[in-house]
Amino acid sequence: MQNLDAAGHQAVPHSQSTGVDIITGEGLEAAVAGADGVVNLTNSPTFDDALIGFFRTSMDNRLAASEKGGVGHFVILSIVGVDQVPGLDYYRAKVLQEDLLKGGPVPYSIVRATQFMEFMDATLAMTTDGDTVRLPRTPIQPIAAAEVAAIVAEVAAGTPLNGVLNIAGPDVHPSTNSAGSP
């Protein structure tokens, strides 16, 4: 929001606290009426079987309201490589979100980012089991959340990509297994 405001746009945040419910649709039409663009940064409140329903319902409601309101650009934030990991429920739900946007009535942009640097500690903590650390043999390329916000704002203020933009941090870090070998 700050990036859009700083660039001369009027960004208006919406949430349940402002009377907008993306699941019931309450307040959505009024929230997007007259908006040039919508930036969707919401996430599922749970990471269980309700994921798919959350992303399907929330996207259906937002796209319908955006079409009715004449929105010219709809932007979502997703994950680099999300379509390459079908075994994760969360990734399948994000792919569904992307597919609904791609097939929807509003010109769109999808910004896919690598892991945020600010979340690396929490991400790496999930790989530990006691004193053992199990890392996948894959490079990581974290990006600062502030950089992601700036790029999302730039994309939102621009012409719809009707496609995907992948973004990543400048440095690639190899991960190693628990024995420390590459």
# chains A, B, ... in the order shown; residues from 1 in each chain; ligands from 1
$ residues_around --residues "stretch 32-40 of chain A" --least-positions-apart "4" --cutoff "6 Å" --atoms "only C-alpha atoms" --output "VMD selection string"
chain A and resid 69 71 to 76
$ select_by_dssp --residues "stretch 91-150 of chain A" --states "strand (DSSP E)" --output "VMD selection string"
chain A and resid 108 to 113 128 to 129 132 to 133
$ closest_residue --among "A:Pro86, A:Thr127, A:Ala31, A:Phe54" --to "A:Pro13" --atoms "only C-alpha atoms"
A:Ala31
$ select_by_dssp --residues "stretch 23-78 of chain A" --states "alpha helix (DSSP H)" --output "list in words"
Leu28, Glu29, Ala30, Ala31, Val32, Leu51, Ile52, Gly53, Phe54, Phe55, Arg56, Thr57, Ser58, Met59, Asp60, Asn61, Arg62, Leu63, Ala64, Ala65, Ser66, Glu67, Lys68 and Gly69 of chain A
$ atom_distance --atom1 "atom CA of A:Ile23" --atom2 "atom CA of A:Phe55"
9.1 Å
$ residues_around --residues "stretch 95-106 of chain A" --least-positions-apart "3" --cutoff "8 Å" --atoms "only C-alpha atoms" --output "list in words"
Ile52, Phe55, Arg56, Met59, Asp60, Leu63, Ser66, Glu67, Val71, Gly72, His73, Phe74, Ile76, Ser78, Val82, Asp83, Tyr91, Arg92, Ile110, Asn162 and Gly163 of chain A
$ residues_around --residues "A:Ala153" --least-positions-apart "4" --cutoff "7 Å" --atoms "only C-alpha atoms" --output "list in words"
Asn3, Leu4, Ala149 and Ala157 of chain A
$ write_last_selection --atoms "N, CA and C atoms" --output "mmCIF file, in the first residue's frame"
data_model
loop_
_atom_site.group_PDB
_atom_site.id
_atom_site.type_symbol
_atom_site.label_atom_id
_atom_site.label_comp_id
_atom_site.auth_asym_id
_atom_site.auth_seq_id
_atom_site.Cartn_x
_atom_site.Cartn_y
_atom_site.Cartn_z
ATOM 1 N N ASN A 3 3.875 1.643 -1.070
ATOM 2 C CA ASN A 3 4.542 1.801 -2.363
ATOM 3 C C ASN A 3 3.597 2.406 -3.405
ATOM 4 N N LEU A 4 2.365 1.964 -3.425
ATOM 5 C CA LEU A 4 1.392 2.514 -4.373
ATOM 6 C C LEU A 4 1.072 3.967 -4.046
ATOM 7 N N ALA A 149 7.127 -6.409 -1.935
ATOM 8 C CA ALA A 149 6.083 -5.378 -1.882
ATOM 9 C C ALA A 149 6.295 -4.336 -2.975
ATOM 10 N N ALA A 157 0.526 -1.279 -10.682
ATOM 11 C CA ALA A 157 0.365 0.038 -11.312
ATOM 12 C C ALA A 157 0.578 -0.010 -12.820
#
$ atom_distance --atom1 "atom CA of A:Asp21" --atom2 "atom CA of A:Asn43"
13.0 Å
$ residues_around --residues "A:Asp49" --least-positions-apart "3" --cutoff "10 Å" --atoms "only C-alpha atoms" --output "mmCIF file with N, CA, C and O atoms, in the first residue's frame"
data_model
loop_
_atom_site.group_PDB
_atom_site.id
_atom_site.type_symbol
_atom_site.label_atom_id
_atom_site.label_comp_id
_atom_site.auth_asym_id
_atom_site.auth_seq_id
_atom_site.Cartn_x
_atom_site.Cartn_y
_atom_site.Cartn_z
ATOM 1 N N THR A 46 -6.329 -21.321 7.517
ATOM 2 C CA THR A 46 -5.949 -22.662 7.964
ATOM 3 C C THR A 46 -5.135 -23.332 6.859
ATOM 4 O O THR A 46 -5.177 -22.926 5.703
ATOM 5 N N ILE A 52 -8.495 -25.593 -0.179
ATOM 6 C CA ILE A 52 -9.052 -25.532 -1.537
ATOM 7 C C ILE A 52 -10.340 -24.711 -1.540
ATOM 8 O O ILE A 52 -10.524 -23.836 -2.387
ATOM 9 N N GLY A 53 -11.215 -24.980 -0.594
ATOM 10 C CA GLY A 53 -12.471 -24.239 -0.514
ATOM 11 C C GLY A 53 -12.247 -22.758 -0.274
ATOM 12 O O GLY A 53 -12.928 -21.912 -0.866
ATOM 13 N N PHE A 54 -11.286 -22.416 0.575
ATOM 14 C CA PHE A 54 -10.992 -21.008 0.831
ATOM 15 C C PHE A 54 -10.564 -20.302 -0.451
ATOM 16 O O PHE A 54 -11.101 -19.251 -0.798
ATOM 17 N N ASP A 89 -0.535 -29.806 -0.290
ATOM 18 C CA ASP A 89 -1.898 -29.275 -0.352
ATOM 19 C C ASP A 89 -1.911 -27.770 -0.561
ATOM 20 O O ASP A 89 -2.702 -27.252 -1.345
ATOM 21 N N TYR A 90 -1.052 -27.059 0.162
ATOM 22 C CA TYR A 90 -1.030 -25.597 0.044
ATOM 23 C C TYR A 90 -0.667 -25.173 -1.373
ATOM 24 O O TYR A 90 -1.271 -24.257 -1.928
ATOM 25 N N ALA A 93 -3.550 -25.627 -3.689
ATOM 26 C CA ALA A 93 -4.539 -24.567 -3.487
ATOM 27 C C ALA A 93 -4.094 -23.269 -4.158
ATOM 28 O O ALA A 93 -4.910 -22.550 -4.741
#
$ closest_residue --among "A:Ile140, A:Thr18, A:Val111, A:Leu28" --to "A:Pro170" --atoms "only C-alpha atoms"
A:Ile140
$ closest_residue --among "A:Gly169, A:Gly25, A:Gly130, A:Pro139" --to "A:Glu118" --atoms "only C-alpha atoms"
A:Gly169
$ closest_residue --among "A:Leu77, A:Ala156, A:Asp131, A:Ala6" --to "A:Arg112" --atoms "only C-alpha atoms"
A:Leu77
